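Student: Quick one: the structure is below, questions incoming.
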Amino acid sequence: MPDAVPILERKDRRGTYNRNTPSYHAVALGPPEPPQEPIAFINRLTHTKGEFARQTFHLRPWQQRIVKQIFKKRRDGLRQYRTCLLMLPRKNGKTELAAAIALYGLLADGETGGEVYSAAADRDQAGLVFGVAAQMLRNDPQLSAACYIVESKKRIEHQASGSVYRAISAEAYSKHGFNASMVIYDELHAAPDRRLYDVLSTSMAARKQPLLLVISTAGYDRHSILWELYSHAKKVQEKPEIDPSFLPILYEAPEDADWTKRRVWQKANPALGDFRSLEEMQTMAARAKEIPAQENNFRRLYLNQWTEQASRWIQMPTWDACQTPRADLKGRRCYVGMDLSTTTDLTALVAVFPDETGFDVLAQFFVPAARIGERSRRDHVPYDEWTRHGVLNATPGAVVDYEAIRTVLQSWAAEFSLQMIGFDPWNATDLVTRLQQQDGLLCVSMRQGFASLSAPTKSLEQAILGHRLRHDGHPVLRWNVSNVAVEGDPAGNLKPSKTKSTERIDGVVALIMAVDLMNRQAKTTTPSYQMLVVG
């Protein structure tokens with residue numbers, strides 16, 4: 001046992017640090033108190049809000065199972081699990097449970113000089129768990145007398161053990177030098193990046209039995225730290241032996257479940273019908289059925305189902321229902337959208353072929369070969385597999401070779417009746433000059449604002465919903481569709497948002513431009529577009 005460690009104890013009633021106060025003095029710490037039983041400790045705490053406010057906890061059986069699992073002991077008496085991913089949908093009491101566990105780490109874990117942190121993406125979220133924990137202490141005179149709460153710094157000190165609890169956020173970047181004994185990361189899906197998580201998780205190496213508890217609802221960013229943990233949790237669920245120190249506790253609806261059914265809600269929400277309102281769940285589900293843009297939010301936040309984006313534009317079953325074998329397109333009239341994006345990432349060509357019942361879609365995608373391995377490893381996007389199957393054109397080098405794009409357009413012009421090519425004028429002048437002057441192809445500059453894209457975006461949406469669009473199931477285009485989030489303006493205009501979408505949507509942007517050309521040409525034989533002026 002190490003020697004007693006001096007700490008500073010304050011008796012200053014003003015609640016501030018004041019080294020000139022006579023009663024501010026050092027005391028010596030003796031050996032740590034033995035740890036208490038977690039469920040008994042938590043059940044002495046009180047609720048802080050709603051109808052149960054100031055009533056003592058009575059952990060439900062499912063909550064007891066969670067706590068027992070988290071604090072399970074090995075044969076040597078130390079904790080079995082060092083990292084736990086607990087995924088609970090909203091309104092299942094996760095904030096109060098997190099605060100209670102944080103207080104256990106501060107007061108009853110038997111740790112001298114413990115450092116307990118509740119972390120979150122921003123200051124407001126980080127303050128939620130702290131606020132509940134502080135109120136729990138205030139509701140218990142005995143525990144309150146043993147602690148010192150510094151509200152302004154979101155800090156609680158336990159004088160007897162020299163332990164401290166702090167709430168911190170990802171907005172504060174200087175977190176190095178910590179020696180955490182317990183970390184509770186709330187709503188990790190909202191973290192702007194992984195820096196705070198990495199700093200806190202690596203700060204626990206000096207502790208004998210540290211605990212990193214992540215409590216979150218599902219997200220939609222498949223390249224986030226939460227998705228990384230969730231993917232690992234699913235593997236550990238199947239084979240616990242691959243990581244005996246990792247505990248997955250996942251309350252979620254199956255991916256293919258009918259999200260409108262009560263039995264599905266019950267599977268993901270253990271408190272449903274108890275302190276989690278069934279009426280509110282029914283209201284939000286009914287609203288999500290009436291407003292498609294809210295479906296993803298309901299599935300993510302209320303059922304813990306991962307979605308491709310925050311508010312999906314097109315439901316993937318609807319897109320998949322438009323798949324048909326590719327028609328014979330030879331000699332047919334077509335319109336092409338070209339989204340060059342950046343030279344270091346995905347570039348898309350999409351052609352539409354109208355007929356009396358709708359239109360067929362043909363897509364080609366290009367990526368620099370030097371980026372394929374990096375993207376496949378880093379972002380878990382199967383660029384390498386798509387390249388092997390011939391659905392993605394890899395051009396040599398670190399940037400897209402625009403001559404490869406030109407070659408495809410030349411072949412389309414020879415095989416089809418190519419009417420015109422729509423393009424975003426950004427970064428396109430050189431290629432478009434060659435297409436017009438050397439290949440004789442008509443190129444039309446199309447701006448990317450609401451005024452230009454709203455009408456064709458809505459037209460495309462209606463074509464998909466009405467099954468007037470026909471595609472051959474191109475996997476890269478399908479991936480682009482699954483990534484799309486749209487944004488609107490006060491006038492009700494819509495357009496795809498590259499900033500709000502989770503990944504590449506270049507194929508969808510190219511498709512929208514092609515649809516716009518097709519629609520306008522159907523109304524007039526003289527397109528009212530700005531032609532690119534070349535020298």
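Going by the structure tokens order, chains are called A, B, ..., each with residues numbered from 1, while ligands are numbered from 1 in the order shown.
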List as a count of residues only the protein and nucleic acid residues near range 42-56 of chain A, meaning an atom at most 7 Å away when only C-alpha atoms are counted, but skip any in the same chain fewer than 4 places from it.
Tutor: 6
Student: Excluding Gln462 in chain A and any residue of its chain fewer than 5 positions from it, enumerate the residues within 12 Å of it, using only C-alpha atoms, and give them as a list of chain:residue names.
Tutor: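 Returned residues: A:Trp313, A:Ile314, A:Thr318, A:Trp319, A:Gly358, A:Ala455, A:Pro456, A:Thr457, A:His467, A:Arg468, A:Leu469, A:Val515.
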Student: Could you write out the selected residues, including N, CA and C atoms, as a PDB file, in the first residue's frame?
Tutor:
```pdb
ATOM      1  N   TRP A 313     -33.219  10.749 -47.853  1.00  0.00           N
ATOM      2  CA  TRP A 313     -34.039  11.317 -48.919  1.00  0.00           C
ATOM      3  C   TRP A 313     -34.869  10.222 -49.574  1.00  0.00           C
ATOM      4  N   ILE A 314     -34.216   9.172 -50.026  1.00  0.00           N
ATOM      5  CA  ILE A 314     -34.895   8.059 -50.678  1.00  0.00           C
ATOM      6  C   ILE A 314     -34.678   6.792 -49.848  1.00  0.00           C
ATOM      7  N   THR A 318     -37.234   1.420 -51.721  1.00  0.00           N
ATOM      8  CA  THR A 318     -37.896   2.087 -52.850  1.00  0.00           C
ATOM      9  C   THR A 318     -36.960   2.157 -54.054  1.00  0.00           C
ATOM     10  N   TRP A 319     -35.702   2.495 -53.794  1.00  0.00           N
ATOM     11  CA  TRP A 319     -34.726   2.518 -54.882  1.00  0.00           C
ATOM     12  C   TRP A 319     -34.539   1.120 -55.466  1.00  0.00           C
ATOM     13  N   GLY A 358     -41.090   6.238 -68.893  1.00  0.00           N
ATOM     14  CA  GLY A 358     -40.140   6.702 -67.888  1.00  0.00           C
ATOM     15  C   GLY A 358     -38.767   6.857 -68.487  1.00  0.00           C
ATOM     16  N   ALA A 455     -36.007  21.774 -58.858  1.00  0.00           N
ATOM     17  CA  ALA A 455     -37.000  21.135 -59.731  1.00  0.00           C
ATOM     18  C   ALA A 455     -36.573  19.734 -60.163  1.00  0.00           C
ATOM     19  N   PRO A 456     -35.337  19.532 -60.644  1.00  0.00           N
ATOM     20  CA  PRO A 456     -34.965  18.163 -61.032  1.00  0.00           C
ATOM     21  C   PRO A 456     -34.824  17.216 -59.840  1.00  0.00           C
ATOM     22  N   THR A 457     -34.467  17.752 -58.663  1.00  0.00           N
ATOM     23  CA  THR A 457     -34.406  16.892 -57.471  1.00  0.00           C
ATOM     24  C   THR A 457     -35.786  16.350 -57.148  1.00  0.00           C
ATOM     25  N   HIS A 467     -41.835   4.576 -59.735  1.00  0.00           N
ATOM     26  CA  HIS A 467     -41.201   3.478 -60.492  1.00  0.00           C
ATOM     27  C   HIS A 467     -41.102   3.797 -61.983  1.00  0.00           C
ATOM     28  N   ARG A 468     -40.937   5.081 -62.295  1.00  0.00           N
ATOM     29  CA  ARG A 468     -40.697   5.463 -63.693  1.00  0.00           C
ATOM     30  C   ARG A 468     -39.208   5.505 -64.018  1.00  0.00           C
ATOM     31  N   LEU A 469     -38.383   5.448 -62.991  1.00  0.00           N
ATOM     32  CA  LEU A 469     -36.936   5.313 -63.181  1.00  0.00           C
ATOM     33  C   LEU A 469     -36.594   3.824 -63.174  1.00  0.00           C
ATOM     34  N   VAL A 515     -31.409  14.402 -65.422  1.00  0.00           N
ATOM     35  CA  VAL A 515     -32.868  14.501 -65.399  1.00  0.00           C
ATOM     36  C   VAL A 515     -33.311  15.911 -65.761  1.00  0.00           C
TER      37      VAL A 515
END
```
Student: Under the rule that only C-alpha atoms are counted, which of A:Met281, A:Leu441, A:Leu340, A:Leu128 is the nearest residue to Ser411 in chain A?
Tutor: A:Leu441
Student: Closest to Ile421 in chain A among A:Leu517, A:Val400, A:Val508, A:Thr407, using only C-alpha atoms?
Tutor: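 Ranking A:Leu517, A:Val400, A:Val508, A:Thr407 by distance to Ile421 in chain A, first place goes to A:Leu517.
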Student: For the atom pair CA of Val336 in chain A and CA of Gly422 in chain A, what is the interatomic distance in Å to one decimal place?
Tutor: 6.1 Å
Student: Of the candidates A:Val484, A:Glu385, A:Cys334, A:Phe365, which shows the shortest atom-to-atom distance to Ala514 in chain A, using only C-alpha atoms?
Tutor: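 Smallest separation from Ala514 in chain A among the options: A:Cys334.
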Student: Extract the full set of alpha helix (DSSP H) residues from range 238-462 of chain A according to DSSP on the backbone, and format it as an MDAnalysis selection string.
Tutor: chainID A and resid 238 262:268 278:290 295:303 316:320 372:379 383:388 402:415 429:437 450:462
Student: Just the residues within 8 Å of Pro244 in chain A, please, counting only C-alpha atoms, with nothing from its chain fewer than 4 positions along; format it as a PyMOL selection string.
Tutor: chain A and resi 80-81+240
Student: Compare A:Asn483, A:Asn427, A:Asn297, A:Gln364 by their minimum atom-to-atom distance to Ala348 in chain A, counting only C-alpha atoms, and give me the closest one.
Tutor: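 Of A:Asn483, A:Asn427, A:Asn297, A:Gln364, the one nearest Ala348 in chain A, counting only C-alpha atoms, is A:Gln364.
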Student: Excluding same-chain residues fewer than 6 positions from Pro35 in chain A, what lies within 8 Å of it counting only C-alpha atoms, as a count of residues only?
Tutor: 4
Student: I'd like the interatomic distance between CA of Lys261 in chain A and CA of Val481 in chain A, to a tenth of an Å.
Tutor: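 Interatomic distance here is 26.4 Å.
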Student: Enumerate the residues of range 204-373 of chain A with a DSSP assignment of strand (DSSP E or B), computed from the backbone, and present them as a ChimeraX atom specification.
Tutor: /A:211-216,246-250,272,276,312,323,333-339,347-355,358-368
Student: May I ask for the distance between CA of Leu465 in chain A and CA of Ala253 in chain A, given in Å to one decimal place?
Tutor: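 Going from CA of Leu465 in chain A over to CA of Ala253 in chain A covers 26.1 Å.
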Student: What lies within 9 Å of Leu213 in chain A using only C-alpha atoms, ignoring chain neighbours under 4 positions off, as a count of residues only?
Tutor: 12
Student: Excluding Glu252 in chain A and residues on its chain fewer than 2 positions from it, collect all residues at most 9 Å away from it, counting only C-alpha atoms, and give them as a list in words.
Tutor: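 Close residues of Glu252 in chain A: Met87, Leu88, Pro89, Ala218, Leu250, Pro254, Glu255, Val264, Trp265, Lys267, Ala268, Asn269, Tyr302, Leu303, Asn304 and Gln305 of chain A.
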Student: What would the file look like if the residues just selected were written as a compact mmCIF listing (two decimals), in the first residue's frame with C-alpha atoms?
Tutor:
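Result went into again33.txt, see below:
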```txt
# COMPACT_ATOMS: atom_id res chain seq x y z
CA MET A 87 -26.45 1.28 -26.43
CA LEU A 88 -29.87 2.37 -25.23
CA PRO A 89 -32.50 4.33 -27.17
CA ALA A 218 -27.02 4.70 -32.69
CA LEU A 250 -26.85 -3.55 -27.21
CA PRO A 254 -32.96 -5.91 -35.86
CA GLU A 255 -31.92 -4.21 -39.08
CA VAL A 264 -39.98 -4.28 -32.31
CA TRP A 265 -40.13 -1.19 -30.08
CA LYS A 267 -37.08 -5.31 -28.06
CA ALA A 268 -35.06 -2.08 -28.26
CA ASN A 269 -36.66 -0.25 -25.30
CA TYR A 302 -35.90 5.29 -30.66
CA LEU A 303 -34.86 1.86 -31.99
CA ASN A 304 -31.04 2.12 -32.10
CA GLN A 305 -30.93 1.18 -35.77
```
Student: Determine the nearest neighbour of Cys443 in chain A from the options A:Met420, A:Leu196, A:Ile464, A:Val509, counting only C-alpha atoms.
Tutor: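 Looking only at the distances to Cys443 in chain A, the closest residue turns out to be A:Met420.
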Student: May I ask which of the residues A:Asp221, A:Glu290, A:Glu151, A:Asp424 is the closest one to Asp193 in chain A, counting only C-alpha atoms?
Tutor: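 Counting only C-alpha atoms, the residue closest to Asp193 in chain A is A:Asp221.
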Student: At a cut-off of 7 Å, using only C-alpha atoms, what residues contact Asp472 in chain A? Leave out same-chain residues fewer than 5 positions from it and give the result as a VMD selection string.
Tutor: chain A and resid 323 to 326
